[in-house]
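Peer 1: Have a peek at entry.txt (compact mmCIF, C-alpha atoms and all ligand atoms).
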```txt
# COMPACT_ATOMS: atom_id res chain seq x y z
CA MET A 48 0.00 0.00 0.00
CA CYS A 49 2.82 2.27 0.97
CA ASN A 50 4.76 1.84 -2.26
CA LYS A 51 1.72 2.77 -4.31
CA ASP A 52 0.66 5.69 -2.19
CA CYS A 53 3.99 7.14 -1.11
CA CYS A 54 4.49 9.63 -3.99
CA ALA A 55 4.49 8.72 -7.65
CA LEU A 56 7.29 11.22 -8.23
CA LYS A 57 9.66 9.47 -5.83
CA THR A 58 11.52 7.30 -8.28
CA ALA A 59 14.97 6.13 -7.33
CA LEU A 60 16.33 7.79 -10.45
CA GLN A 61 14.91 11.16 -9.65
CA ILE A 62 16.24 11.10 -6.11
CA ARG A 63 19.69 10.05 -7.34
CA ARG A 64 19.75 12.95 -9.79
CA MET A 65 18.78 15.37 -7.03
CA LYS A 66 21.56 14.00 -4.82
CA ILE A 67 24.16 14.53 -7.55
CA LEU A 68 22.95 18.10 -8.01
CA ILE A 69 23.11 18.78 -4.29
CA GLU A 70 26.67 17.45 -4.14
CA GLN A 71 27.69 19.73 -7.02
CA ARG A 72 26.23 22.71 -5.23
CA ARG A 73 28.01 21.98 -1.95
CA GLN A 74 31.27 23.38 -3.29
CA GLN A 75 29.62 26.52 -4.68
CA GLU A 76 27.96 26.97 -1.34
CA GLU A 77 31.22 26.75 0.59
CA GLU A 78 32.62 29.52 -1.64
CA ALA A 79 29.49 31.65 -1.26
CA ASN A 80 29.57 31.28 2.53
CA ALA A 81 33.05 32.75 2.63
CA LYS A 82 31.86 36.02 1.01
CA PRO A 83 30.25 38.96 2.89
CA LYS A 84 26.50 38.53 3.22
CA ASN A 85 23.88 40.82 1.79
CA ILE A 86 20.88 39.67 3.76
CA ILE A 87 17.59 41.52 3.45
CA VAL A 88 15.35 39.52 5.78
CA THR A 89 16.12 38.22 9.26
CA PRO A 90 17.35 34.72 8.49
CA GLU A 91 15.87 31.88 10.46
CA SER A 92 19.13 29.96 10.36
CA LEU A 93 21.06 32.61 12.32
CA ILE A 94 18.85 32.40 15.41
CA TYR A 95 20.77 29.44 16.87
CA SER A 96 24.44 28.99 16.00
CA TYR A 97 26.12 25.60 15.78
CA ASP A 98 27.88 26.46 19.05
CA ASP A 99 24.55 27.18 20.78
CA ILE A 100 23.20 23.83 19.68
CA GLU A 101 26.38 21.99 20.63
CA LYS A 102 26.33 23.49 24.15
CA MET A 103 22.75 22.33 24.68
CA ALA A 104 23.54 18.85 23.39
CA LYS A 105 26.59 18.56 25.67
CA LEU A 106 24.52 19.51 28.68
CA ILE A 107 21.92 16.85 27.85
CA ILE A 108 24.32 14.00 27.07
CA SER A 109 26.29 14.73 30.22
CA ARG A 110 23.19 13.38 32.01
CA SER A 111 23.08 10.12 30.06
CA GLU A 112 25.36 7.14 30.53
CA THR A 113 24.52 5.57 27.19
CA ARG A 114 24.35 6.98 23.69
CA PRO A 115 20.78 7.87 22.72
CA LYS A 116 19.38 6.30 19.57
CA PHE A 117 15.86 7.74 19.48
CA GLY A 118 14.51 11.27 19.80
CA LEU A 119 10.84 11.80 20.52
CA VAL A 120 8.65 14.89 20.46
CA CYS A 121 5.35 14.44 22.28
CA GLY A 122 2.46 16.33 20.76
CA SER A 123 -0.69 17.64 22.43
CA ASN A 124 -2.58 14.85 24.20
CA LEU A 125 0.55 12.70 23.93
CA ASP A 126 2.61 13.78 26.92
CA THR A 127 1.77 10.37 28.42
CA LEU A 128 4.23 8.79 25.98
CA THR A 129 6.95 9.72 28.45
CA ASP A 130 5.35 7.34 31.00
CA LEU A 131 6.98 4.57 28.96
CA ILE A 132 10.48 5.77 29.77
CA GLU A 133 12.19 3.85 32.55
CA ASN A 134 14.32 5.59 35.18
CA PRO A 135 14.23 8.92 33.39
CA ILE A 136 16.43 11.85 34.15
CA VAL A 137 14.21 14.89 33.75
CA ILE A 138 15.59 18.28 32.73
CA ASP A 139 13.44 21.43 32.79
CA TYR A 140 13.67 23.42 29.59
CA SER A 141 14.41 26.47 31.74
CA ASP A 142 17.69 24.77 32.76
CA ILE A 143 18.83 24.46 29.14
CA PRO A 144 20.44 27.70 27.96
CA LYS A 145 18.51 29.40 25.14
CA PHE A 146 15.62 26.89 25.16
CA PRO A 147 12.33 28.81 24.76
CA ASP A 148 9.45 28.38 27.21
CA CYS A 149 6.39 26.27 26.54
CA THR A 150 3.26 28.33 26.88
CA ILE A 151 0.40 25.95 26.07
CA HIS A 152 -1.56 23.25 27.80
CA ASP A 153 -0.11 19.72 27.64
CA HIS A 154 3.35 20.96 26.70
CA LYS A 155 5.12 20.75 30.03
CA GLY A 156 8.58 21.94 29.09
CA LYS A 157 10.47 18.88 30.33
CA LEU A 158 13.09 16.77 28.61
CA PHE A 159 13.39 13.10 29.55
CA VAL A 160 16.47 10.93 29.07
CA GLY A 161 15.96 7.25 29.80
CA THR A 162 15.39 3.76 28.51
CA LEU A 163 12.50 2.45 26.45
CA MET A 164 12.50 -1.17 25.29
CA GLY A 165 16.22 -1.37 25.95
CA ALA A 166 17.10 1.69 23.88
CA THR A 167 18.17 5.10 25.13
CA VAL A 168 15.61 7.73 24.27
CA ILE A 169 15.50 11.50 24.64
CA ALA A 170 11.93 12.73 24.78
CA LEU A 171 10.61 16.26 24.69
CA GLN A 172 7.43 16.73 26.65
CA GLY A 173 6.47 19.94 24.95
CA ARG A 174 7.21 21.50 21.59
CA PHE A 175 7.42 25.07 20.39
CA HIS A 176 4.78 26.38 18.02
CA HIS A 177 5.09 29.30 15.63
CA TYR A 178 1.84 30.80 16.89
CA GLU A 179 3.32 31.07 20.39
CA GLY A 180 5.68 33.67 18.96
CA ASN A 181 8.60 31.37 18.13
CA SER A 182 10.41 31.55 14.81
CA LEU A 183 10.24 28.35 12.76
CA ALA A 184 13.95 27.84 13.50
CA SER A 185 13.23 27.98 17.24
CA CYS A 186 10.33 25.52 16.78
CA SER A 187 12.61 22.97 15.13
CA MET A 188 15.86 23.74 17.00
CA PRO A 189 15.45 20.78 19.44
CA VAL A 190 15.79 18.37 16.49
CA ARG A 191 19.32 19.64 15.88
CA VAL A 192 20.12 19.38 19.57
CA LEU A 193 19.01 15.74 19.54
CA LYS A 194 21.05 15.10 16.40
CA LEU A 195 24.18 16.36 18.15
CA CYS A 196 23.27 14.17 21.13
CA GLY A 197 23.75 11.26 18.73
CA ILE A 198 20.24 10.07 17.87
CA GLU A 199 19.54 8.25 14.60
CA TYR A 200 15.74 8.15 14.62
CA MET A 201 13.44 11.12 15.09
CA ILE A 202 9.92 10.23 16.17
CA LEU A 203 7.56 13.17 15.88
CA THR A 204 3.99 13.12 17.14
CA CYS A 205 1.17 15.64 17.22
CA ALA A 206 -2.54 16.16 17.67
CA ALA A 207 -4.45 16.83 14.47
CA GLY A 208 -7.93 17.49 13.21
CA ALA A 209 -9.47 14.99 10.80
CA VAL A 210 -9.97 16.18 7.24
CA ASN A 211 -10.56 12.70 5.83
CA LYS A 212 -14.23 11.86 6.42
CA ASN A 213 -13.35 8.27 7.40
CA TYR A 214 -11.27 9.35 10.39
CA LYS A 215 -12.65 9.47 13.92
CA VAL A 216 -11.46 11.05 17.13
CA GLY A 217 -8.99 8.68 18.79
CA ASP A 218 -7.73 7.30 15.47
CA ILE A 219 -4.06 7.41 14.61
CA MET A 220 -2.71 8.68 11.34
CA LEU A 221 0.73 7.45 10.34
CA ILE A 222 2.13 10.34 8.35
CA LYS A 223 3.31 9.37 4.89
CA ASP A 224 3.72 12.90 3.55
CA HIS A 225 2.91 16.49 4.32
CA ILE A 226 1.95 19.81 2.82
CA ASN A 227 4.01 22.64 4.23
CA MET A 228 1.79 25.70 4.02
CA PHE A 229 4.46 27.90 5.66
CA GLY A 230 6.93 26.87 2.98
CA TRP A 231 4.54 27.82 0.18
CA PHE A 232 4.81 31.41 1.35
CA GLY A 233 8.56 31.46 1.73
CA ASN A 234 8.74 30.75 5.44
CA ASN A 235 11.12 27.90 6.22
CA PRO A 236 13.35 27.11 9.22
CA LEU A 237 16.26 26.66 6.80
CA ASN A 238 15.98 30.19 5.38
CA GLY A 239 19.25 32.08 5.58
CA PRO A 240 22.88 30.98 5.36
CA ASN A 241 23.22 27.19 5.43
CA ASP A 242 25.56 25.56 7.96
CA LEU A 243 27.03 22.54 6.19
CA ARG A 244 27.83 20.93 9.54
CA PHE A 245 24.11 20.22 9.81
CA GLY A 246 23.36 19.40 6.19
CA ASP A 247 23.26 20.48 2.55
CA ARG A 248 21.58 23.63 1.24
CA HIS A 249 18.81 21.76 -0.56
CA VAL A 250 16.92 18.95 1.08
CA ILE A 251 15.04 16.18 -0.68
CA MET A 252 11.61 15.89 0.93
CA ALA A 253 10.06 13.32 -1.46
CA ASP A 254 11.23 10.53 0.88
CA ALA A 255 10.96 12.42 4.18
CA TYR A 256 8.89 9.80 6.01
CA ASP A 257 10.80 6.53 6.12
CA GLU A 258 8.86 3.84 4.27
CA GLY A 259 10.45 0.98 6.20
CA LEU A 260 9.34 2.52 9.48
CA ILE A 261 5.81 3.04 8.14
CA GLU A 262 5.70 -0.64 7.14
CA LYS A 263 6.70 -1.62 10.68
CA ALA A 264 3.97 0.59 12.13
CA LEU A 265 1.35 -0.95 9.84
CA GLU A 266 2.50 -4.41 10.96
CA ILE A 267 2.09 -3.31 14.57
CA GLY A 268 -1.44 -2.12 13.82
CA LEU A 269 -2.27 -5.66 12.69
CA GLU A 270 -0.41 -7.31 15.58
CA ILE A 271 -2.38 -5.38 18.17
CA GLY A 272 -5.69 -5.61 16.30
CA GLN A 273 -5.91 -1.83 15.80
CA GLU A 274 -5.62 -1.70 12.03
CA ASP A 275 -9.07 -0.09 11.69
CA ARG A 276 -7.99 2.73 13.96
CA MET A 277 -4.71 3.30 12.14
CA HIS A 278 -4.56 5.17 8.85
CA LEU A 279 -1.84 6.21 6.47
CA GLY A 280 -2.28 9.81 5.45
CA VAL A 281 -1.07 13.26 4.53
CA TYR A 282 -0.67 15.98 7.18
CA ALA A 283 -0.94 19.70 6.49
CA CYS A 284 0.52 22.31 8.80
CA LEU A 285 -1.40 25.56 9.13
CA GLY A 286 -0.15 28.40 11.28
CA GLY A 287 -2.72 28.22 14.07
CA PRO A 288 -3.67 29.19 16.72
CA VAL A 289 -7.07 29.35 15.00
CA TYR A 290 -8.57 26.16 13.66
CA GLU A 291 -9.30 26.00 9.96
CA THR A 292 -12.59 27.23 8.51
CA ALA A 293 -15.05 24.85 6.85
CA THR A 294 -13.98 26.09 3.41
CA GLU A 295 -10.31 25.69 4.29
CA GLN A 296 -11.02 22.14 5.38
CA ARG A 297 -12.83 21.33 2.12
CA PHE A 298 -9.94 22.88 0.19
CA LEU A 299 -7.42 20.79 2.14
CA ARG A 300 -9.42 17.66 1.40
CA SER A 301 -9.51 18.49 -2.29
CA ILE A 302 -5.70 18.71 -2.44
CA GLY A 303 -5.18 15.35 -0.75
CA VAL A 304 -4.83 16.25 2.93
CA ASP A 305 -6.13 13.76 5.52
CA ALA A 306 -5.41 15.61 8.77
CA VAL A 307 -4.49 19.16 9.72
CA GLY A 308 -2.43 20.57 12.55
CA MET A 309 -0.19 23.43 13.65
CA SER A 310 3.27 21.94 13.92
CA LEU A 311 5.58 19.08 12.98
CA VAL A 312 6.63 19.86 9.41
CA GLN A 313 9.35 22.30 10.42
CA GLU A 314 10.79 19.60 12.69
CA VAL A 315 10.67 17.08 9.85
CA ILE A 316 12.55 19.57 7.66
CA TYR A 317 15.35 19.94 10.23
CA ALA A 318 15.46 16.19 10.81
CA ARG A 319 15.83 15.42 7.11
CA HIS A 320 18.34 18.24 6.67
CA CYS A 321 20.64 16.57 9.19
CA GLY A 322 20.01 13.05 7.89
CA LEU A 323 17.80 11.59 10.63
CA LYS A 324 15.29 8.85 9.88
CA VAL A 325 11.80 10.18 10.51
CA PHE A 326 8.72 8.42 11.79
CA SER A 327 5.63 10.51 12.61
CA PHE A 328 2.09 10.01 13.67
CA SER A 329 -0.90 12.15 14.67
CA LEU A 330 -3.54 11.39 17.23
CA ILE A 331 -6.82 12.58 15.72
CA SER A 332 -8.34 14.94 18.27
CA MET A 333 -11.09 16.66 16.28
CA PRO A 334 -13.65 15.14 13.89
CA PRO A 335 -14.02 16.39 10.31
CA ILE A 336 -16.25 19.45 10.09
CA GLU A 337 -19.11 17.52 8.45
CA GLN A 338 -19.39 15.12 11.41
CA PRO A 339 -21.43 16.37 14.37
CA ASP A 340 -19.19 17.31 17.29
CA MET A 341 -19.38 14.96 20.26
CA PRO A 342 -19.87 15.75 23.95
CA GLU A 343 -16.56 16.56 25.63
CA SER A 344 -16.72 13.46 27.84
CA VAL A 345 -17.15 11.11 24.83
CA ARG A 346 -14.31 12.86 23.04
CA ASP A 347 -12.05 12.51 26.07
CA VAL A 348 -12.71 8.75 26.22
CA SER A 349 -11.89 8.34 22.51
CA ILE A 350 -8.71 10.37 22.89
CA HIS A 351 -7.72 8.30 25.90
CA GLN A 352 -8.20 5.08 23.91
CA GLY A 353 -6.08 6.59 21.12
CA GLN A 354 -3.35 7.54 23.61
CA ILE A 355 -3.12 3.93 24.76
CA VAL A 356 -2.73 2.72 21.17
CA CYS A 357 -0.07 5.37 20.56
CA MET A 358 1.87 4.12 23.59
CA GLU A 359 1.69 0.55 22.33
CA LEU A 360 2.72 1.67 18.86
CA LEU A 361 5.69 3.63 20.15
CA SER A 362 7.06 0.91 22.39
CA ARG A 363 6.66 -1.79 19.73
CA MET A 364 8.28 0.44 17.09
CA ILE A 365 11.31 1.00 19.28
CA TYR A 366 11.48 -2.70 20.12
CA LYS A 367 11.34 -3.68 16.45
CA ILE A 368 13.97 -1.16 15.36
CA GLN A 369 16.24 -1.97 18.29
CA ASN A 370 16.07 -5.69 17.52
CA ASN A 371 16.12 -5.39 13.71
CA LEU A 372 12.69 -7.04 13.43
O1 LIG B 1 1.96 20.19 19.30
P1 LIG B 1 0.72 19.75 18.57
O2 LIG B 1 0.80 19.98 17.12
O3 LIG B 1 0.34 18.34 18.91
O4 LIG B 1 -0.45 20.66 19.13
C1 LIG B 1 -1.67 20.86 18.43
C2 LIG B 1 -1.67 22.23 17.85
C3 LIG B 1 -2.21 23.08 18.95
O5 LIG B 1 -1.24 23.50 19.80
C4 LIG B 1 -3.12 22.17 19.67
C5 LIG B 1 -4.51 22.39 19.21
O6 LIG B 1 -5.39 21.52 19.79
O7 LIG B 1 -2.73 20.82 19.32
O1 LIG B 2 -8.63 20.34 14.28
C1 LIG B 2 -7.48 20.82 14.23
N1 LIG B 2 -7.14 21.70 13.30
C2 LIG B 2 -5.94 22.23 13.25
N2 LIG B 2 -4.99 21.93 14.10
C3 LIG B 2 -5.25 21.04 15.06
N3 LIG B 2 -4.47 20.55 16.01
C4 LIG B 2 -5.20 19.69 16.72
N4 LIG B 2 -6.43 19.62 16.23
C5 LIG B 2 -6.49 20.46 15.17
```
What would the structure in this file look like if it were written as structure tokens?

Peer 2:
Amino acid sequence: MCNKDCCALKTALQIRRMKILIEQRRQQEEEANAKPKNIIVTPESLIYSYDDIEKMAKLIISRSETRPKFGLVCGSNLDTLTDLIENPIVIDYSDIPKFPDCTIHDHKGKLFVGTLMGATVIALQGRFHHYEGNSLASCSMPVRVLKLCGIEYMILTCAAGAVNKNYKVGDIMLIKDHINMFGWFGNNPLNGPNDLRFGDRHVIMADAYDEGLIEKALEIGLEIGQEDRMHLGVYACLGGPVYETATEQRFLRSIGVDAVGMSLVQEVIYARHCGLKVFSFSLISMPPIEQPDMPESVRDVSIHQGQIVCMELLSRMIYKIQNNL
């Protein structure tokens, strides 16, 4: 299913050609970086320097005895994912120099370092959203910190509203692709001078969501008998904090979007820029606009059931990856 759905344009040949082009441009970029800059907008990429990121990473890994393999960002309604982490060391964001504050419900501003299914995991209980007043580079900065901590896999989660009429509250959407509305209008966390220590100037996004990891997640859905609750879909990031209008939702549906949210894609961009493998899923927290809204108590129960499935999915994913299953 994945091969068919996961982008017709993603042929191996096309990606290889793009990689050759990127390699050719690396040298030009090194030369260009050495020249004085003539920058007309405040560049996102200058907000955190490599040194800033390295200092944060050193502080975090000094608290861990083993090398972390997995990074996790817990979305809204998904802070309970950190309950899976054994013997965690917990660091307040306020103790990490230059980390912004979390200002919204469910995002507690705590970083966990610990073990999950035998692997060392660094989990962020709280992300930064653009609508809170953060630049996109600040929103995605933690991904670079985790990269310098040594992780290989970036697991990104979020709450989302259903656009696909077959989705229900409490369902899980495995993200196979996204539409980056910010990017359409020239707003990208990579805007500005590129630091080659993180990655190349241009980033291929046609294979952003790792197909092998999606396959594993689909297998897990079957193993735990939750395949009806689990979907494979396309996420669109709007700016928030307002929810989309009915017309916006119909428009999103018409262009192939299955769920809509206010985050995640900028983190995926940073993760792919620095070569991390990405696995992402959304917990559906709002029904599509055409479905009648449900009483709060019913919605809470459905979300709670979804949270439990997300916990099972996460721990089995880590187990499978860790044991090459
Ligand atoms: O961090 P995520 O994307 O999970 O949070 C979403 C976006 C809003 O902050 C909130 C809306 O319900 O959930
Ligand atoms: O319904 C939604 N719409 C947009 N963003 C969201 N984030 C959580 N739920 C939603």

Peer 1: Tell me which protein, DNA and RNA residues are within 12 Å of Ile67 in chain A, counting all atoms listed in the file, leaving out same-chain ones fewer than 5 positions away, and put them as an MDAnalysis selection string.

Peer 2: chainID A and resid 60:62 72:73 247 249 251

Peer 1: Ranking A:Ala255, A:Ile94, A:Asn241, A:Tyr214 by minimum distance to ligand LIG 2 (chain B) and counting all atoms listed in the file, which one comes first?

Peer 2: A:Tyr214

Peer 1: Which chains and residue numbers are within 7 Å of ligand LIG 1 (chain B), counting only C-alpha atoms and all ligand atoms, if I want them as a list in words?

Peer 2: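 Every residue with an atom at most 7 Å from ligand LIG 1 (chain B) is listed here: Gly122, Ser123, Asn124, Ile151, Arg174, His176, Thr204, Cys205, Ala206, Ala207, Pro288, Gly308, Met309, Ser310 and Leu311 of chain A.
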
Peer 1: Grab me every residue within 12 Å of ligand LIG 2 (chain B), counting only C-alpha atoms and all ligand atoms, and send it over as a PyMOL selection string.

Peer 2: chain A and resi 122-125+176+178+204-211+214-217+282-293+295-296+299+304-311+329-336+340+350

Peer 1: Between A:Glu91, A:Asp224, A:Glu112, A:Asp218, which residue has the minimum interatomic distance to Val168 in chain A, considering only C-alpha atoms?

Peer 2: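 Of A:Glu91, A:Asp224, A:Glu112, A:Asp218, the one nearest Val168 in chain A, counting only C-alpha atoms, is A:Glu112.
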
Peer 1: Taking (19.3, 19.5, 18.5) in the file's own coordinates, collect the residues within 12 Å, counting all atoms listed in the file, and hand them back as a PyMOL selection string.

Peer 2: chain A and resi 95-108+118-120+143+145-146+169-171+184-199+201+245+314+317-318+320-321+323

Peer 1: Pick from A:Gly161, A:His351, A:Glu70, A:Met252: nearest to Asn227 in chain A, with only C-alpha atoms counted?

Peer 2: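 Among the listed residues, the smallest separation from Asn227 in chain A belongs to A:Met252.
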
Peer 1: Using all atoms listed in the file, which of A:Ala253, A:Leu243, A:Leu131, A:Ile368 sits nearest Glu78 in chain A?

Peer 2: A:Leu243

Peer 1: For Ile132 in chain A, find every residue with an atom within 12 Å (counting all atoms listed in the file), except residues of its own chain fewer than 3 positions away, and show them as an MDAnalysis selection string.

Peer 2: chainID A and resid 117 119 126:129 135:137 158:172 358 361:362 365

Peer 1: Give the answer as one residue: which of A:Lys157, A:Ala59, A:Leu93, A:Gly259 has the shortest atom-to-atom distance to Gly239 in chain A, using all atoms listed in the file?

Peer 2: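 That would be A:Leu93, the residue with the smallest distance to Gly239 in chain A.
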
Peer 1: Mind pulling up the distance from CA of Thr113 in chain A to CA of Asn134 in chain A?

Peer 2: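 These two atoms are separated by 13.0 Å.
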
Peer 1: Find the residues near Leu279 in chain A: any atom within 8 Å, counting all atoms listed in the file, skip ones fewer than 2 places away on the same chain, and give them as a PyMOL selection string.

Peer 2: chain A and resi 220-223+277+281

Peer 1: Rounded to one decimal place, report the CA of His225 in chain A-CA of Asp242 in chain A distance in Å.

Peer 2: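 CA of Asp242 in chain A lies 24.7 Å from CA of His225 in chain A.
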
Peer 1: Could I see range 98-125 of chain A restored to N, CA and C atoms, set down as a PDB file, keeping the file's coordinate frame?

Peer 2:
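Generated file (out22.pdb):
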```
ATOM      1  N   ASP A  98      27.353  26.507  17.669  1.00  0.00           N
ATOM      2  CA  ASP A  98      27.880  26.460  19.050  1.00  0.00           C
ATOM      3  C   ASP A  98      26.766  26.407  20.087  1.00  0.00           C
ATOM      4  N   ASP A  99      25.704  27.200  19.841  1.00  0.00           N
ATOM      5  CA  ASP A  99      24.550  27.180  20.780  1.00  0.00           C
ATOM      6  C   ASP A  99      24.005  25.759  20.884  1.00  0.00           C
ATOM      7  N   ILE A 100      23.820  25.157  19.717  1.00  0.00           N
ATOM      8  CA  ILE A 100      23.200  23.830  19.680  1.00  0.00           C
ATOM      9  C   ILE A 100      24.122  22.805  20.350  1.00  0.00           C
ATOM     10  N   GLU A 101      25.405  22.944  20.068  1.00  0.00           N
ATOM     11  CA  GLU A 101      26.380  21.990  20.630  1.00  0.00           C
ATOM     12  C   GLU A 101      26.408  22.078  22.163  1.00  0.00           C
ATOM     13  N   LYS A 102      26.323  23.314  22.677  1.00  0.00           N
ATOM     14  CA  LYS A 102      26.330  23.490  24.150  1.00  0.00           C
ATOM     15  C   LYS A 102      25.129  22.791  24.769  1.00  0.00           C
ATOM     16  N   MET A 103      23.963  22.965  24.136  1.00  0.00           N
ATOM     17  CA  MET A 103      22.750  22.330  24.680  1.00  0.00           C
ATOM     18  C   MET A 103      22.895  20.823  24.643  1.00  0.00           C
ATOM     19  N   ALA A 104      23.407  20.307  23.529  1.00  0.00           N
ATOM     20  CA  ALA A 104      23.540  18.850  23.390  1.00  0.00           C
ATOM     21  C   ALA A 104      24.507  18.305  24.445  1.00  0.00           C
ATOM     22  N   LYS A 105      25.603  19.038  24.675  1.00  0.00           N
ATOM     23  CA  LYS A 105      26.590  18.560  25.670  1.00  0.00           C
ATOM     24  C   LYS A 105      25.968  18.495  27.053  1.00  0.00           C
ATOM     25  N   LEU A 106      25.156  19.504  27.351  1.00  0.00           N
ATOM     26  CA  LEU A 106      24.520  19.510  28.680  1.00  0.00           C
ATOM     27  C   LEU A 106      23.612  18.275  28.822  1.00  0.00           C
ATOM     28  N   ILE A 107      22.878  17.962  27.768  1.00  0.00           N
ATOM     29  CA  ILE A 107      21.920  16.850  27.850  1.00  0.00           C
ATOM     30  C   ILE A 107      22.664  15.509  27.917  1.00  0.00           C
ATOM     31  N   ILE A 108      23.664  15.324  27.050  1.00  0.00           N
ATOM     32  CA  ILE A 108      24.320  14.000  27.070  1.00  0.00           C
ATOM     33  C   ILE A 108      25.178  13.799  28.317  1.00  0.00           C
ATOM     34  N   SER A 109      25.524  14.904  28.971  1.00  0.00           N
ATOM     35  CA  SER A 109      26.290  14.730  30.220  1.00  0.00           C
ATOM     36  C   SER A 109      25.423  14.028  31.270  1.00  0.00           C
ATOM     37  N   ARG A 110      24.094  14.031  31.053  1.00  0.00           N
ATOM     38  CA  ARG A 110      23.190  13.380  32.010  1.00  0.00           C
ATOM     39  C   ARG A 110      22.886  11.934  31.644  1.00  0.00           C
ATOM     40  N   SER A 111      23.421  11.468  30.501  1.00  0.00           N
ATOM     41  CA  SER A 111      23.080  10.120  30.060  1.00  0.00           C
ATOM     42  C   SER A 111      24.327   9.253  30.025  1.00  0.00           C
ATOM     43  N   GLU A 112      24.182   8.014  30.521  1.00  0.00           N
ATOM     44  CA  GLU A 112      25.360   7.140  30.530  1.00  0.00           C
ATOM     45  C   GLU A 112      25.526   6.412  29.208  1.00  0.00           C
ATOM     46  N   THR A 113      24.417   6.285  28.459  1.00  0.00           N
ATOM     47  CA  THR A 113      24.520   5.570  27.190  1.00  0.00           C
ATOM     48  C   THR A 113      24.131   6.495  26.044  1.00  0.00           C
ATOM     49  N   ARG A 114      24.606   6.147  24.864  1.00  0.00           N
ATOM     50  CA  ARG A 114      24.350   6.980  23.690  1.00  0.00           C
ATOM     51  C   ARG A 114      22.879   6.847  23.267  1.00  0.00           C
ATOM     52  N   PRO A 115      22.182   7.964  23.130  1.00  0.00           N
ATOM     53  CA  PRO A 115      20.780   7.870  22.720  1.00  0.00           C
ATOM     54  C   PRO A 115      20.637   7.500  21.240  1.00  0.00           C
ATOM     55  N   LYS A 116      19.622   6.694  20.955  1.00  0.00           N
ATOM     56  CA  LYS A 116      19.380   6.300  19.570  1.00  0.00           C
ATOM     57  C   LYS A 116      18.115   6.960  19.014  1.00  0.00           C
ATOM     58  N   PHE A 117      17.165   7.228  19.914  1.00  0.00           N
ATOM     59  CA  PHE A 117      15.860   7.740  19.480  1.00  0.00           C
ATOM     60  C   PHE A 117      15.584   9.115  20.108  1.00  0.00           C
ATOM     61  N   GLY A 118      15.046  10.006  19.279  1.00  0.00           N
ATOM     62  CA  GLY A 118      14.510  11.270  19.800  1.00  0.00           C
ATOM     63  C   GLY A 118      13.011  11.224  19.627  1.00  0.00           C
ATOM     64  N   LEU A 119      12.309  11.823  20.577  1.00  0.00           N
ATOM     65  CA  LEU A 119      10.840  11.800  20.520  1.00  0.00           C
ATOM     66  C   LEU A 119      10.316  13.181  20.878  1.00  0.00           C
ATOM     67  N   VAL A 120       9.374  13.672  20.081  1.00  0.00           N
ATOM     68  CA  VAL A 120       8.650  14.890  20.460  1.00  0.00           C
ATOM     69  C   VAL A 120       7.204  14.496  20.719  1.00  0.00           C
ATOM     70  N   CYS A 121       6.731  14.793  21.920  1.00  0.00           N
ATOM     71  CA  CYS A 121       5.350  14.440  22.280  1.00  0.00           C
ATOM     72  C   CYS A 121       4.434  15.600  21.910  1.00  0.00           C
ATOM     73  N   GLY A 122       3.412  15.300  21.139  1.00  0.00           N
ATOM     74  CA  GLY A 122       2.460  16.330  20.760  1.00  0.00           C
ATOM     75  C   GLY A 122       1.395  16.541  21.835  1.00  0.00           C
ATOM     76  N   SER A 123       0.444  17.419  21.530  1.00  0.00           N
ATOM     77  CA  SER A 123      -0.690  17.640  22.430  1.00  0.00           C
ATOM     78  C   SER A 123      -1.421  16.323  22.630  1.00  0.00           C
ATOM     79  N   ASN A 124      -1.884  16.085  23.817  1.00  0.00           N
ATOM     80  CA  ASN A 124      -2.580  14.850  24.200  1.00  0.00           C
ATOM     81  C   ASN A 124      -1.638  13.636  24.230  1.00  0.00           C
ATOM     82  N   LEU A 125      -0.361  13.839  24.000  1.00  0.00           N
ATOM     83  CA  LEU A 125       0.550  12.700  23.930  1.00  0.00           C
ATOM     84  C   LEU A 125       1.703  12.805  24.923  1.00  0.00           C
TER      85      LEU A 125
END
```
